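With CSV, C-alpha atoms and all ligand atoms inside, this is structure.csv:
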```csv
chain,number,residue,atom,x,y,z
M,1,MET,CA,12.7,-7.0,23.9
M,2,THR,CA,11.3,-3.5,23.6
M,3,ASN,CA,8.8,-1.4,25.3
M,4,LYS,CA,7.7,0.1,22.0
M,5,LEU,CA,4.2,-0.7,20.8
M,6,ILE,CA,3.3,0.1,17.2
M,7,TYR,CA,-0.2,-1.3,16.8
M,8,LEU,CA,-1.0,-2.0,13.1
M,9,ASP,CA,-3.6,-4.7,13.6
M,10,ASN,CA,-6.7,-2.6,13.9
M,11,ASN,CA,-8.8,-4.9,11.8
M,12,ALA,CA,-8.4,-7.5,14.6
M,13,THR,CA,-9.4,-5.1,17.3
M,14,THR,CA,-9.0,-1.5,18.4
M,15,LYS,CA,-8.0,0.5,21.4
M,16,VAL,CA,-11.0,1.8,23.4
M,17,ASP,CA,-11.3,5.6,23.1
M,18,GLU,CA,-10.9,7.4,26.4
M,19,LYS,CA,-14.1,9.4,25.7
M,20,VAL,CA,-16.0,6.1,25.2
M,21,LEU,CA,-14.7,4.8,28.5
M,22,GLU,CA,-15.6,8.0,30.3
M,23,GLU,CA,-19.2,7.8,29.0
M,24,MET,CA,-19.5,4.2,30.1
M,25,MET,CA,-18.2,4.5,33.7
M,26,PRO,CA,-21.3,5.9,35.5
M,27,PHE,CA,-23.2,2.9,34.2
M,28,PHE,CA,-20.8,0.5,36.1
M,29,LYS,CA,-21.0,2.6,39.2
M,30,GLU,CA,-24.0,4.8,40.2
M,31,GLU,CA,-26.3,4.0,37.3
M,32,TYR,CA,-26.6,0.3,37.7
M,33,ALA,CA,-30.4,0.0,37.5
M,34,ASN,CA,-32.1,-2.6,35.3
M,35,PRO,CA,-33.3,-0.5,32.4
M,36,SER,CA,-36.6,-2.4,32.4
M,37,SER,CA,-37.6,-1.6,36.0
M,38,MET,CA,-40.5,0.8,36.8
M,39,TYR,CA,-38.9,3.3,39.3
M,40,ASN,CA,-37.2,6.6,38.3
M,41,PHE,CA,-33.8,5.2,39.1
M,42,SER,CA,-34.0,2.9,36.1
M,43,ARG,CA,-35.1,5.7,33.8
M,44,ARG,CA,-31.6,7.1,33.4
M,45,SER,CA,-30.4,3.7,32.2
M,46,SER,CA,-33.3,3.2,29.8
M,47,ASN,CA,-32.9,6.8,28.5
M,48,ALA,CA,-29.2,6.2,27.9
M,49,ILE,CA,-30.0,3.1,25.9
M,50,LYS,CA,-32.6,5.1,23.9
M,51,GLU,CA,-29.9,7.7,23.1
M,52,ALA,CA,-27.4,5.1,22.1
M,53,ARG,CA,-30.0,3.5,19.7
M,54,VAL,CA,-30.6,6.9,18.1
M,55,LYS,CA,-26.8,7.3,17.7
M,56,ILE,CA,-26.5,3.9,15.9
M,57,ARG,CA,-29.6,4.8,13.8
M,58,ASP,CA,-27.7,7.9,12.6
M,59,PHE,CA,-24.4,6.0,12.2
M,60,VAL,CA,-26.0,3.6,9.6
M,61,ASN,CA,-28.6,6.1,8.4
M,62,ALA,CA,-31.6,3.9,9.3
M,63,GLN,CA,-35.0,5.4,9.0
M,64,ASP,CA,-36.1,4.6,12.6
M,65,GLU,CA,-34.2,3.7,15.8
M,66,LYS,CA,-36.7,0.8,16.2
M,67,GLU,CA,-34.7,-0.9,13.4
M,68,ILE,CA,-31.6,-1.2,15.6
M,69,LEU,CA,-31.0,-4.2,18.0
M,70,PHE,CA,-28.1,-4.4,20.4
M,71,THR,CA,-26.1,-7.6,20.4
M,72,SER,CA,-22.9,-8.9,22.0
M,73,CYS,CA,-20.6,-8.9,18.9
M,74,GLY,CA,-20.4,-9.0,15.1
M,75,SER,CA,-20.7,-12.8,15.1
M,76,GLU,CA,-24.0,-12.6,17.1
M,77,SER,CA,-25.3,-9.9,14.7
M,78,ALA,CA,-24.6,-12.2,11.7
M,79,ASN,CA,-26.1,-15.3,13.3
M,80,THR,CA,-29.2,-13.4,14.4
M,81,ALA,CA,-29.7,-11.9,10.9
M,82,ILE,CA,-29.0,-15.2,9.0
M,83,ARG,CA,-30.8,-17.6,11.3
M,84,GLY,CA,-33.5,-15.0,11.9
M,85,VAL,CA,-34.5,-14.6,8.3
M,86,LEU,CA,-34.3,-18.4,7.5
M,87,ASN,CA,-36.3,-19.4,10.5
M,88,TYR,CA,-39.0,-16.8,9.8
M,89,ASN,CA,-39.7,-18.3,6.4
M,90,LYS,CA,-38.7,-21.9,6.3
M,91,THR,CA,-40.1,-22.6,2.8
M,92,LYS,CA,-37.1,-21.1,1.0
M,93,LYS,CA,-33.9,-23.2,1.1
M,94,HIS,CA,-31.3,-21.3,-1.0
M,95,ILE,CA,-28.7,-18.9,0.2
M,96,ILE,CA,-25.9,-16.9,-1.6
M,97,THR,CA,-22.7,-15.7,0.0
M,98,SER,CA,-19.1,-15.2,-1.0
M,99,LYS,CA,-16.0,-17.3,-0.7
M,100,VAL,CA,-14.2,-14.6,1.3
M,101,GLU,CA,-16.7,-14.0,4.1
M,102,HIS,CA,-15.6,-14.0,7.8
M,103,PRO,CA,-15.7,-17.4,9.5
M,104,CYS,CA,-18.7,-16.3,11.6
M,105,VAL,CA,-20.7,-16.4,8.3
M,106,LEU,CA,-18.9,-19.2,6.4
M,107,ASN,CA,-19.0,-21.6,9.3
M,108,LEU,CA,-22.6,-20.9,9.9
M,109,TYR,CA,-23.4,-21.7,6.3
M,110,GLN,CA,-21.5,-24.9,6.5
M,111,ALA,CA,-23.7,-25.9,9.4
M,112,LEU,CA,-26.8,-24.8,7.5
M,113,GLU,CA,-25.8,-27.0,4.5
M,114,LYS,CA,-25.9,-30.0,6.9
M,115,GLN,CA,-29.5,-29.0,7.7
M,116,GLY,CA,-30.6,-29.1,4.1
M,117,TYR,CA,-29.9,-25.6,2.8
M,118,ARG,CA,-28.3,-25.1,-0.6
M,119,VAL,CA,-25.5,-22.5,-0.4
M,120,ASP,CA,-23.8,-20.8,-3.4
M,121,TYR,CA,-20.4,-19.4,-2.6
M,122,ILE,CA,-19.6,-16.6,-5.1
M,123,GLY,CA,-16.0,-16.1,-6.2
M,124,VAL,CA,-13.7,-13.1,-6.4
M,125,ASN,CA,-11.1,-12.1,-9.0
M,126,SER,CA,-7.4,-11.8,-8.3
M,127,ASN,CA,-7.9,-8.3,-6.7
M,128,GLY,CA,-10.5,-9.7,-4.3
M,129,GLU,CA,-13.4,-8.1,-6.2
M,130,LEU,CA,-16.7,-10.0,-6.1
M,131,ASP,CA,-17.9,-11.6,-9.4
M,132,LEU,CA,-21.2,-9.7,-9.9
M,133,GLU,CA,-22.2,-11.8,-13.0
M,134,GLU,CA,-21.9,-15.0,-11.0
M,135,LEU,CA,-24.0,-13.4,-8.3
M,136,ALA,CA,-26.7,-12.3,-10.7
M,137,ALA,CA,-26.8,-15.8,-12.3
M,138,ALA,CA,-27.2,-17.5,-8.9
M,139,VAL,CA,-30.3,-15.6,-7.6
M,140,CYS,CA,-33.5,-17.6,-8.1
M,141,GLU,CA,-37.1,-18.0,-6.9
M,142,ASP,CA,-35.9,-20.1,-3.9
M,143,THR,CA,-33.2,-17.6,-2.7
M,144,ALA,CA,-34.1,-16.6,0.8
M,145,LEU,CA,-31.0,-14.6,1.6
M,146,VAL,CA,-27.9,-13.1,0.1
M,147,SER,CA,-25.2,-12.3,2.6
M,148,ILE,CA,-22.2,-10.3,1.4
M,149,MET,CA,-19.6,-8.4,3.5
M,150,TRP,CA,-19.2,-4.7,2.9
M,151,ALA,CA,-15.4,-4.9,3.2
M,152,ASN,CA,-13.1,-7.8,3.7
M,153,ASN,CA,-11.2,-8.0,7.0
M,154,GLU,CA,-8.0,-9.4,5.4
M,155,THR,CA,-7.7,-7.2,2.3
M,156,GLY,CA,-9.9,-4.2,3.0
M,157,VAL,CA,-11.5,-4.7,-0.5
M,158,ILE,CA,-14.9,-2.9,-0.6
M,159,ASN,CA,-17.9,-4.6,-2.2
M,160,PRO,CA,-20.3,-2.3,-4.2
M,161,ILE,CA,-23.3,-2.9,-1.9
M,162,ASP,CA,-25.6,-0.6,-3.9
M,163,LYS,CA,-25.0,-2.6,-7.1
M,164,ILE,CA,-25.3,-5.9,-5.3
M,165,SER,CA,-28.7,-4.9,-3.8
M,166,GLU,CA,-29.9,-3.8,-7.2
M,167,ILE,CA,-28.9,-7.1,-8.8
M,168,VAL,CA,-30.5,-9.2,-6.0
M,169,LYS,CA,-33.8,-7.2,-5.9
M,170,SER,CA,-34.1,-7.1,-9.7
M,171,LYS,CA,-33.9,-10.9,-9.8
M,172,ASN,CA,-36.1,-11.6,-6.7
M,173,LYS,CA,-37.6,-8.7,-4.8
M,174,ASP,CA,-38.4,-11.0,-1.8
M,175,THR,CA,-34.8,-12.1,-1.3
M,176,LYS,CA,-33.3,-10.4,1.8
M,177,LEU,CA,-29.8,-8.9,1.8
M,178,PHE,CA,-27.6,-9.2,4.9
M,179,VAL,CA,-24.4,-7.1,4.9
M,180,ASP,CA,-21.6,-7.8,7.4
M,181,ALA,CA,-20.4,-4.2,7.8
M,182,VAL,CA,-18.0,-5.0,10.7
M,183,GLN,CA,-14.9,-3.8,8.7
M,184,VAL,CA,-16.4,-0.6,7.2
M,185,ALA,CA,-17.8,0.9,10.5
M,186,GLY,CA,-15.8,4.1,11.1
M,187,LYS,CA,-13.8,3.7,7.8
M,188,ILE,CA,-16.3,4.7,5.2
M,189,PRO,CA,-19.9,6.1,5.5
M,190,ILE,CA,-22.7,3.6,6.0
M,191,ASP,CA,-26.1,4.3,4.5
M,192,VAL,CA,-28.5,1.4,4.7
M,193,GLN,CA,-31.3,3.3,2.9
M,194,ALA,CA,-29.2,4.5,-0.1
M,195,ASN,CA,-27.7,1.0,-0.5
M,196,GLY,CA,-30.9,-1.0,-0.3
M,197,VAL,CA,-29.7,-3.1,2.7
M,198,ASP,CA,-32.3,-5.2,4.7
M,199,LEU,CA,-30.0,-6.3,7.5
M,200,LEU,CA,-26.6,-5.1,8.6
M,201,GLY,CA,-24.2,-6.0,11.4
M,202,ILE,CA,-21.5,-4.0,13.2
M,203,SER,CA,-19.1,-4.8,16.1
M,204,GLY,CA,-18.0,-2.2,18.6
M,205,HIS,CA,-14.4,-3.4,19.2
M,206,LYS,CA,-13.5,-2.6,15.6
M,207,PHE,CA,-14.2,1.1,16.0
M,208,HIS,CA,-12.9,2.0,19.5
M,209,ALA,CA,-15.7,0.7,21.7
M,210,PRO,CA,-15.0,-2.3,23.9
M,211,LYS,CA,-15.2,-6.0,22.9
M,212,GLY,CA,-18.6,-7.6,23.7
M,213,VAL,CA,-21.0,-5.3,22.1
M,214,GLY,CA,-22.4,-4.9,18.6
M,215,ALA,CA,-25.6,-4.0,16.7
M,216,LEU,CA,-27.9,-5.3,14.1
M,217,TYR,CA,-30.0,-3.2,11.7
M,218,VAL,CA,-33.2,-5.0,10.6
M,219,ASN,CA,-35.3,-2.8,8.4
M,220,SER,CA,-39.0,-2.5,9.3
M,221,LYS,CA,-40.1,-4.6,6.3
M,222,THR,CA,-37.9,-7.6,7.3
M,223,MET,CA,-39.1,-10.1,9.8
M,224,ILE,CA,-36.8,-12.3,11.9
M,225,THR,CA,-37.3,-15.1,14.4
M,226,PRO,CA,-35.2,-14.3,17.5
M,227,LEU,CA,-32.1,-16.3,18.2
M,228,ILE,CA,-32.3,-15.7,22.0
M,229,ILE,CA,-35.7,-16.3,23.4
M,230,GLY,CA,-36.7,-15.0,26.9
M,231,GLY,CA,-37.8,-11.6,28.1
M,232,HIS,CA,-39.3,-8.8,26.1
M,233,GLN,CA,-36.0,-6.8,25.7
M,234,GLU,CA,-35.1,-5.4,22.2
M,235,LYS,CA,-38.8,-5.6,21.3
M,236,GLY,CA,-38.7,-9.4,21.7
M,237,LYS,CA,-36.0,-9.8,19.1
M,238,ARG,CA,-33.1,-10.4,21.5
M,239,ALA,CA,-33.8,-11.4,25.1
M,240,GLY,CA,-31.5,-10.7,28.0
M,241,THR,CA,-31.0,-7.7,30.3
M,242,GLU,CA,-29.4,-4.9,28.3
M,243,ASN,CA,-25.7,-4.4,28.8
M,244,THR,CA,-26.2,-0.7,29.6
M,245,PRO,CA,-22.5,0.5,29.9
M,246,TYR,CA,-21.4,-1.3,26.7
M,247,ILE,CA,-24.4,-0.1,24.8
M,248,VAL,CA,-23.7,3.5,25.9
M,249,GLY,CA,-20.1,3.0,24.9
M,250,LEU,CA,-21.1,1.7,21.4
M,251,GLY,CA,-23.3,4.8,20.9
M,252,LYS,CA,-20.5,7.1,21.9
M,253,ALA,CA,-18.0,5.2,19.7
M,254,ALA,CA,-20.3,5.5,16.7
M,255,GLU,CA,-20.7,9.3,17.3
M,256,LEU,CA,-16.9,9.7,17.5
M,257,ALA,CA,-16.3,7.4,14.5
M,258,GLN,CA,-18.7,9.6,12.4
M,259,SER,CA,-16.8,12.7,13.4
M,260,TYR,CA,-13.5,11.1,12.4
M,261,LEU,CA,-14.7,9.8,9.1
M,262,ASP,CA,-13.0,12.6,7.1
M,263,TYR,CA,-9.8,12.0,9.0
M,264,GLU,CA,-9.9,8.3,8.2
M,265,LEU,CA,-10.5,9.0,4.5
M,266,THR,CA,-7.6,11.5,4.3
M,267,GLU,CA,-5.0,11.2,7.0
M,268,VAL,CA,-5.3,7.5,7.8
M,269,LYS,CA,-5.4,6.8,4.1
M,270,ARG,CA,-2.3,9.0,3.5
M,271,LEU,CA,-0.3,7.0,6.2
M,272,ARG,CA,-1.5,3.7,4.8
M,273,ASP,CA,-0.5,4.8,1.3
M,274,LYS,CA,2.9,6.0,2.5
M,275,LEU,CA,3.6,2.6,4.2
M,276,GLU,CA,2.4,0.7,1.2
M,277,SER,CA,4.3,2.7,-1.5
M,278,ASN,CA,7.5,2.6,0.6
M,279,ILE,CA,7.3,-1.2,1.1
M,280,LEU,CA,6.6,-1.8,-2.6
M,281,SER,CA,9.4,0.5,-3.7
M,282,LYS,CA,12.1,-0.6,-1.2
M,283,ILE,CA,11.5,-4.4,-1.1
M,284,TYR,CA,11.9,-6.2,-4.4
M,285,ASN,CA,10.0,-9.3,-3.4
M,286,ALA,CA,6.9,-7.4,-2.1
M,287,ARG,CA,3.6,-7.5,-4.0
M,288,LEU,CA,0.3,-5.7,-3.3
M,289,ASN,CA,-2.2,-8.5,-3.1
M,290,THR,CA,-5.3,-6.4,-4.0
M,291,GLY,CA,-3.9,-4.6,-7.1
M,292,VAL,CA,-6.1,-1.6,-7.9
M,293,ALA,CA,-9.2,-2.7,-6.0
M,294,ASN,CA,-11.2,-0.1,-4.0
M,295,ARG,CA,-10.3,-0.5,-0.4
M,296,VAL,CA,-11.1,0.9,3.1
M,297,PRO,CA,-8.6,3.6,3.9
M,298,ASN,CA,-6.8,1.8,6.7
M,299,THR,CA,-5.8,-1.6,5.3
M,300,THR,CA,-3.1,-3.0,3.0
M,301,ASN,CA,-2.3,-6.6,2.4
M,302,ILE,CA,1.2,-7.2,1.1
M,303,GLY,CA,2.8,-10.5,0.1
M,304,PHE,CA,6.5,-11.1,0.5
M,305,GLU,CA,7.5,-13.7,-2.0
M,306,TYR,CA,9.3,-16.9,-1.0
M,307,ILE,CA,9.3,-16.3,2.7
M,308,GLU,CA,7.1,-17.3,5.7
M,309,GLY,CA,4.7,-14.6,7.1
M,310,GLU,CA,5.1,-16.0,10.6
M,311,LEU,CA,8.8,-15.4,10.6
M,312,ILE,CA,8.2,-11.8,9.5
M,313,LEU,CA,5.6,-11.4,12.3
M,314,LEU,CA,8.1,-12.7,14.9
M,315,HIS,CA,10.8,-10.3,13.8
M,316,LEU,CA,8.3,-7.4,13.8
M,317,SER,CA,7.0,-8.4,17.2
M,318,ASP,CA,10.6,-8.3,18.6
M,319,LEU,CA,10.5,-4.6,17.6
M,320,GLY,CA,7.1,-4.0,19.2
M,321,ILE,CA,5.3,-3.9,15.8
M,322,CYS,CA,1.9,-5.7,15.7
M,323,ALA,CA,0.6,-6.8,12.3
M,324,SER,CA,-1.1,-10.0,11.2
M,325,SER,CA,-0.5,-12.8,8.7
M,326,GLY,CA,-3.1,-14.0,6.2
M,327,SER,CA,-2.6,-17.5,7.5
M,328,ALA,CA,-4.7,-19.3,10.0
M,329,CYS,CA,-3.2,-22.0,12.1
M,330,THR,CA,-5.4,-25.1,11.7
M,331,SER,CA,-4.7,-28.2,13.6
M,332,GLY,CA,-1.0,-27.7,13.8
M,333,SER,CA,-0.4,-27.0,10.1
M,334,LEU,CA,-0.2,-23.5,8.6
M,335,GLU,CA,-3.0,-23.2,6.1
M,336,PRO,CA,-3.0,-20.2,3.8
M,337,SER,CA,-5.9,-17.9,4.3
M,338,HIS,CA,-9.2,-18.8,2.5
M,339,VAL,CA,-9.4,-15.2,1.3
M,340,LEU,CA,-6.0,-15.1,-0.5
M,341,ARG,CA,-6.7,-18.6,-1.9
M,342,ALA,CA,-10.0,-17.5,-3.3
M,343,MET,CA,-8.1,-14.6,-5.0
M,344,ASN,CA,-5.5,-17.1,-6.4
M,345,VAL,CA,-2.6,-15.2,-4.8
M,346,PRO,CA,0.4,-17.2,-6.2
M,347,PHE,CA,1.8,-19.9,-3.9
M,348,THR,CA,5.1,-17.9,-3.8
M,349,ALA,CA,3.4,-15.0,-2.0
M,350,ILE,CA,0.5,-16.6,-0.1
M,351,HIS,CA,2.5,-17.8,2.8
M,352,GLY,CA,4.4,-14.5,3.2
M,353,SER,CA,1.3,-12.2,3.2
M,354,ILE,CA,1.0,-9.6,5.9
M,355,ARG,CA,-2.1,-7.5,6.7
M,356,TRP,CA,-1.3,-4.0,8.0
M,357,SER,CA,-4.3,-2.1,9.5
M,358,LEU,CA,-4.0,1.4,10.8
M,359,SER,CA,-6.3,3.6,12.9
M,360,ARG,CA,-6.8,7.2,13.9
M,361,TYR,CA,-4.2,6.6,16.6
M,362,THR,CA,-1.5,5.6,14.1
M,363,THR,CA,1.3,8.3,13.9
M,364,GLU,CA,3.7,9.4,11.1
M,365,GLU,CA,6.6,8.4,13.4
M,366,GLU,CA,5.2,4.9,13.7
M,367,ILE,CA,4.9,4.5,10.0
M,368,ASP,CA,8.4,5.9,9.5
M,369,TYR,CA,9.8,3.4,12.0
M,370,VAL,CA,8.2,0.4,10.2
M,371,ILE,CA,9.5,1.7,6.8
M,372,GLU,CA,13.0,2.0,8.3
M,373,LYS,CA,13.0,-1.4,10.0
M,374,LEU,CA,11.1,-3.7,7.6
M,375,PRO,CA,13.7,-4.0,4.8
M,376,GLY,CA,16.2,-5.4,7.2
M,377,ILE,CA,13.6,-7.9,8.6
M,378,ILE,CA,12.7,-9.1,5.1
M,379,GLU,CA,16.4,-9.4,4.1
M,380,LYS,CA,17.0,-11.6,7.2
M,381,ALA,CA,14.0,-13.8,6.4
M,382,THR,CA,14.9,-13.9,2.7
M,383,SER,CA,18.5,-15.0,3.5
M,384,ILE,CA,17.3,-18.3,5.0
M,385,SER,CA,14.7,-19.0,2.3
M,386,PRO,CA,15.2,-22.3,0.4
M,387,TYR,CA,14.2,-20.5,-2.8
M,388,GLN,CA,17.5,-18.5,-3.4
M,389,ASN,CA,17.5,-19.1,-7.3
M,390,GLU,CA,13.9,-17.9,-7.6
M,391,LEU,CA,14.6,-14.9,-5.4
M,392,GLN,CA,17.7,-14.0,-7.6
M,393,ALA,CA,15.6,-14.3,-10.7
M,394,LEU,CA,12.9,-12.0,-9.2
M,395,LYS,CA,15.5,-9.5,-8.1
M,396,ASN,CA,16.8,-9.3,-11.7
M,397,LEU,CA,13.3,-9.0,-13.1
M,398,ARG,CA,12.3,-6.1,-10.8
M,399,LYS,CA,15.6,-4.2,-10.9
R,401,LIG,N1,-17.1,-9.9,10.3
R,401,LIG,C1,-15.9,-9.5,10.0
R,401,LIG,C2,-15.7,-9.0,8.6
R,401,LIG,C3,-14.9,-9.4,11.0
R,401,LIG,O1,-13.7,-8.9,10.6
R,401,LIG,C4,-15.2,-9.9,12.3
R,401,LIG,C5,-14.1,-9.9,13.3
R,401,LIG,O2,-12.9,-10.0,13.0
R,401,LIG,C6,-16.5,-10.4,12.6
R,401,LIG,C7,-17.4,-10.4,11.6
R,401,LIG,C8,-16.8,-10.9,13.9
R,401,LIG,O3,-16.9,-9.8,14.9
R,401,LIG,P1,-16.8,-10.2,16.4
R,401,LIG,O4,-15.4,-10.4,16.7
R,401,LIG,O5,-17.3,-8.9,17.1
R,401,LIG,O6,-17.7,-11.3,16.7
```

Turn the structure described in the file into C-alpha cells.
Amino acid sequence: MTNKLIYLDNNATTKVDEKVLEEMMPFFKEEYANPSSMYNFSRRSSNAIKEARVKIRDFVNAQDEKEILFTSCGSESANTAIRGVLNYNKTKKHIITSKVEHPCVLNLYQALEKQGYRVDYIGVNSNGELDLEELAAAVCEDTALVSIMWANNETGVINPIDKISEIVKSKNKDTKLFVDAVQVAGKIPIDVQANGVDLLGISGHKFHAPKGVGALYVNSKTMITPLIIGGHQEKGKRAGTENTPYIVGLGKAAELAQSYLDYELTEVKRLRDKLESNILSKIYNARLNTGVANRVPNTTNIGFEYIEGELILLHLSDLGICASSGSACTSGSLEPSHVLRAMNVPFTAIHGSIRWSLSRYTTEEEIDYVIEKLPGIIEKATSISPYQNELQALKNLRK
C-alpha cells in the first residue's frame, strides 16, 4: 500500500477548489437565510444567487441570466431539459440522440420509448465521431428534440455542435437542441449563442465545484414544463429552496474555470499528450482508441490489447494511481462500454481500455511517475494473458 495519490480520473469527478470552498463557507454559517424571505438578512443570500447566475450566464455566454436555472446535478439538468421540452409540446413524438450519450440521457430515452416516443440513436465512426449524414437524414417534421453531448465522457471526443445545430435547424426550425455539456465545462469555451443551442446542461463536480449542484441553460425562446413542481423558485421552472452555498460555489468554480481555460488548452493538453505519446511508444500492445478525433484537452482513452482493464486498474491502484476502465460492471458480468462498442473498438482491445483524465492539479512529476511505472504493470498483466501467440505476433508487427 502507498500513501501516494495520483488522481487521473477527473472525468468522474474533480477536487473542490479551495477558493470555491472559501466562497461557500459563509453561506453554511452566518448567511443561512432563506433567499426568498422578505427581511434584509435574506437579501445577502438572494444577491449571492443573483451573482452566481450572472457568472454562469457569462460562462456559457447566454444572452440573459434569466435563461439559467440551478439544478442538483448534470443528470437533473438533462432530465429537466428533455422531459421539459417533451411535456410542453406533447404532439411531437420523435427524438434523436447518439449511441454514445451518458446513461442519464440514454436510460431516460429507453423509458420514453416505453411511453410511446420514437427514438433514433445516431452512430459514430471508429474514432468516436458522430455520423452527421445519419443525423441529417433522421430529422423530420415530428422531431421534437435532438440531444447530443458536446464531448464524450469516456473518450473526450468533441462533437461539432455548431454544425449539428445548423443541420437540425435547416431540416426543422422548430426542433429543439439539448446539449449535455458536462464534459466540456472548464475544458473548452462554451458559447450557446454562437453554436445555436436551445438547452444546455453542466455539472459542478466536473469543474472543481462540489457534487450536488448543476445548471441548465434554457434560451428565452424555448418553453419547458417543470420537472419539480412546488414553490415559485427559479421562476417556477424548478421548485425547492435554493441551495445557496452550492450555487455560490458553482458560480465561483465557473469564474475560475474560465480563467484557467488557456491553461487547460496548453499545459493540461501538453501533459495529456506527453502521457499518451509515451504510452503509445513504450508499450507495443497499446492503441489510441480515438485516432485523430478532436478531443477535450484532458482526456485520452487507450486500449491495451489482450489484457483485462480491471487488472491494470488494480495494479495502478496499488501504486496510488486512479484511472478508470471503459467497462461497466453489470449484474456480475463485465460488459464492455457502450461507447467503445459503438466505435467498434476491436474485441482484443475493448476489455483492456483505460480512460486517463487530467486536471489543472495534475503535475509533470505525476505524469512522469505513471510513464515510469505503467510498462511494468502492462508487462505483468500481459504475462498471464491466455493470448500469448497473438501477443507475440503483435510484438513482431509493431517492432
Ligand atoms: N453527462 C455526462 C457526459 C457525464 O459525464 C456525467 C457524469 O459523469 C453526467 C452527464 C451526469 O452528471 P451528474 O453526475 O452531475 O449527474

Around ligand LIG 401 (chain R), at most 10 Å away and counting only C-alpha atoms and all ligand atoms, which residues are there? Put them as a count of residues only, please. 45

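Relative to CA of Ala52 (chain M), CA of Leu250 (chain M) is found at 7.2 Å.
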
I'd like the contact shell of Ile96 (chain M) - 8 Å cut-off, all atoms listed in the file, skipping same-chain residues fewer than 5 positions apart - returned as an MDAnalysis selection string. chainID M and resid 119:122 135 138:139 143 145:147

In Å, rounded to a single decimal, give me how far CA of Ile312 (chain M) is from CA of Tyr369 (chain M). 15.5 Å

Atom pair CA of Leu21 (chain M) + CA of Gln258 (chain M), distance 17.3 Å

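Among M:Leu199, M:Ser45, M:Gly116, M:Ala293, the residue with the shortest atom-to-atom distance to Phe28 (chain M), counting only C-alpha atoms, is M:Ser45.
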
Each side padded by 6 Å, which centre and which edge lengths in Å (one decimal) define the axis-aligned box around the listed atoms of region 351-368 of chain M? Give them as lines of an AutoDock Vina configuration file.
```
center_x = 0.8
center_y = -4.2
center_z = 9.7
size_x = 27.2
size_y = 39.2
size_z = 25.8
```

Counting only C-alpha atoms, which residue out of M:Lys99, M:Arg43, M:Lys66, M:Lys399 sits closest to Asn125 (chain M)? M:Lys99

Starting from the sparse input, extend region 227-243 of chain M to N, CA and C atoms and give the output as a PDB file, in the coordinates of the input.
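Wrote rebuild.pdb, looks like this:
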```pdb
ATOM      1  N   LEU M 227     -33.055 -15.257  17.928  1.00  0.00           N
ATOM      2  CA  LEU M 227     -32.100 -16.300  18.200  1.00  0.00           C
ATOM      3  C   LEU M 227     -32.159 -16.626  19.729  1.00  0.00           C
ATOM      4  N   ILE M 228     -32.245 -15.559  20.530  1.00  0.00           N
ATOM      5  CA  ILE M 228     -32.300 -15.700  22.000  1.00  0.00           C
ATOM      6  C   ILE M 228     -33.696 -15.404  22.458  1.00  0.00           C
ATOM      7  N   ILE M 229     -34.345 -16.428  23.003  1.00  0.00           N
ATOM      8  CA  ILE M 229     -35.700 -16.300  23.400  1.00  0.00           C
ATOM      9  C   ILE M 229     -35.786 -16.147  24.939  1.00  0.00           C
ATOM     10  N   GLY M 230     -36.590 -15.225  25.435  1.00  0.00           N
ATOM     11  CA  GLY M 230     -36.700 -15.000  26.900  1.00  0.00           C
ATOM     12  C   GLY M 230     -37.572 -13.821  27.144  1.00  0.00           C
ATOM     13  N   GLY M 231     -37.013 -12.795  27.795  1.00  0.00           N
ATOM     14  CA  GLY M 231     -37.800 -11.600  28.100  1.00  0.00           C
ATOM     15  C   GLY M 231     -38.117 -10.763  26.919  1.00  0.00           C
ATOM     16  N   HIS M 232     -38.721  -9.607  27.193  1.00  0.00           N
ATOM     17  CA  HIS M 232     -39.300  -8.800  26.100  1.00  0.00           C
ATOM     18  C   HIS M 232     -38.248  -7.763  25.576  1.00  0.00           C
ATOM     19  N   GLN M 233     -36.988  -7.839  26.062  1.00  0.00           N
ATOM     20  CA  GLN M 233     -36.000  -6.800  25.700  1.00  0.00           C
ATOM     21  C   GLN M 233     -35.838  -6.739  24.151  1.00  0.00           C
ATOM     22  N   GLU M 234     -35.365  -5.601  23.686  1.00  0.00           N
ATOM     23  CA  GLU M 234     -35.100  -5.400  22.200  1.00  0.00           C
ATOM     24  C   GLU M 234     -36.364  -5.781  21.433  1.00  0.00           C
ATOM     25  N   LYS M 235     -37.510  -5.366  21.912  1.00  0.00           N
ATOM     26  CA  LYS M 235     -38.800  -5.600  21.300  1.00  0.00           C
ATOM     27  C   LYS M 235     -39.012  -7.121  20.957  1.00  0.00           C
ATOM     28  N   GLY M 236     -38.525  -7.957  21.864  1.00  0.00           N
ATOM     29  CA  GLY M 236     -38.700  -9.400  21.700  1.00  0.00           C
ATOM     30  C   GLY M 236     -37.782 -10.044  20.702  1.00  0.00           C
ATOM     31  N   LYS M 237     -36.862  -9.252  20.123  1.00  0.00           N
ATOM     32  CA  LYS M 237     -36.000  -9.800  19.100  1.00  0.00           C
ATOM     33  C   LYS M 237     -34.654 -10.300  19.628  1.00  0.00           C
ATOM     34  N   ARG M 238     -34.342  -9.928  20.894  1.00  0.00           N
ATOM     35  CA  ARG M 238     -33.100 -10.400  21.500  1.00  0.00           C
ATOM     36  C   ARG M 238     -33.235 -10.291  23.003  1.00  0.00           C
ATOM     37  N   ALA M 239     -33.563 -11.438  23.634  1.00  0.00           N
ATOM     38  CA  ALA M 239     -33.800 -11.400  25.100  1.00  0.00           C
ATOM     39  C   ALA M 239     -32.521 -11.264  25.867  1.00  0.00           C
ATOM     40  N   GLY M 240     -32.649 -10.843  27.110  1.00  0.00           N
ATOM     41  CA  GLY M 240     -31.500 -10.700  28.000  1.00  0.00           C
ATOM     42  C   GLY M 240     -31.395  -9.244  28.470  1.00  0.00           C
ATOM     43  N   THR M 241     -31.148  -9.049  29.779  1.00  0.00           N
ATOM     44  CA  THR M 241     -31.000  -7.700  30.300  1.00  0.00           C
ATOM     45  C   THR M 241     -29.987  -6.908  29.544  1.00  0.00           C
ATOM     46  N   GLU M 242     -30.332  -5.721  29.132  1.00  0.00           N
ATOM     47  CA  GLU M 242     -29.400  -4.900  28.300  1.00  0.00           C
ATOM     48  C   GLU M 242     -28.136  -4.617  29.017  1.00  0.00           C
ATOM     49  N   ASN M 243     -27.043  -4.659  28.269  1.00  0.00           N
ATOM     50  CA  ASN M 243     -25.700  -4.400  28.800  1.00  0.00           C
ATOM     51  C   ASN M 243     -25.499  -2.844  28.727  1.00  0.00           C
TER      52      ASN M 243
END
```
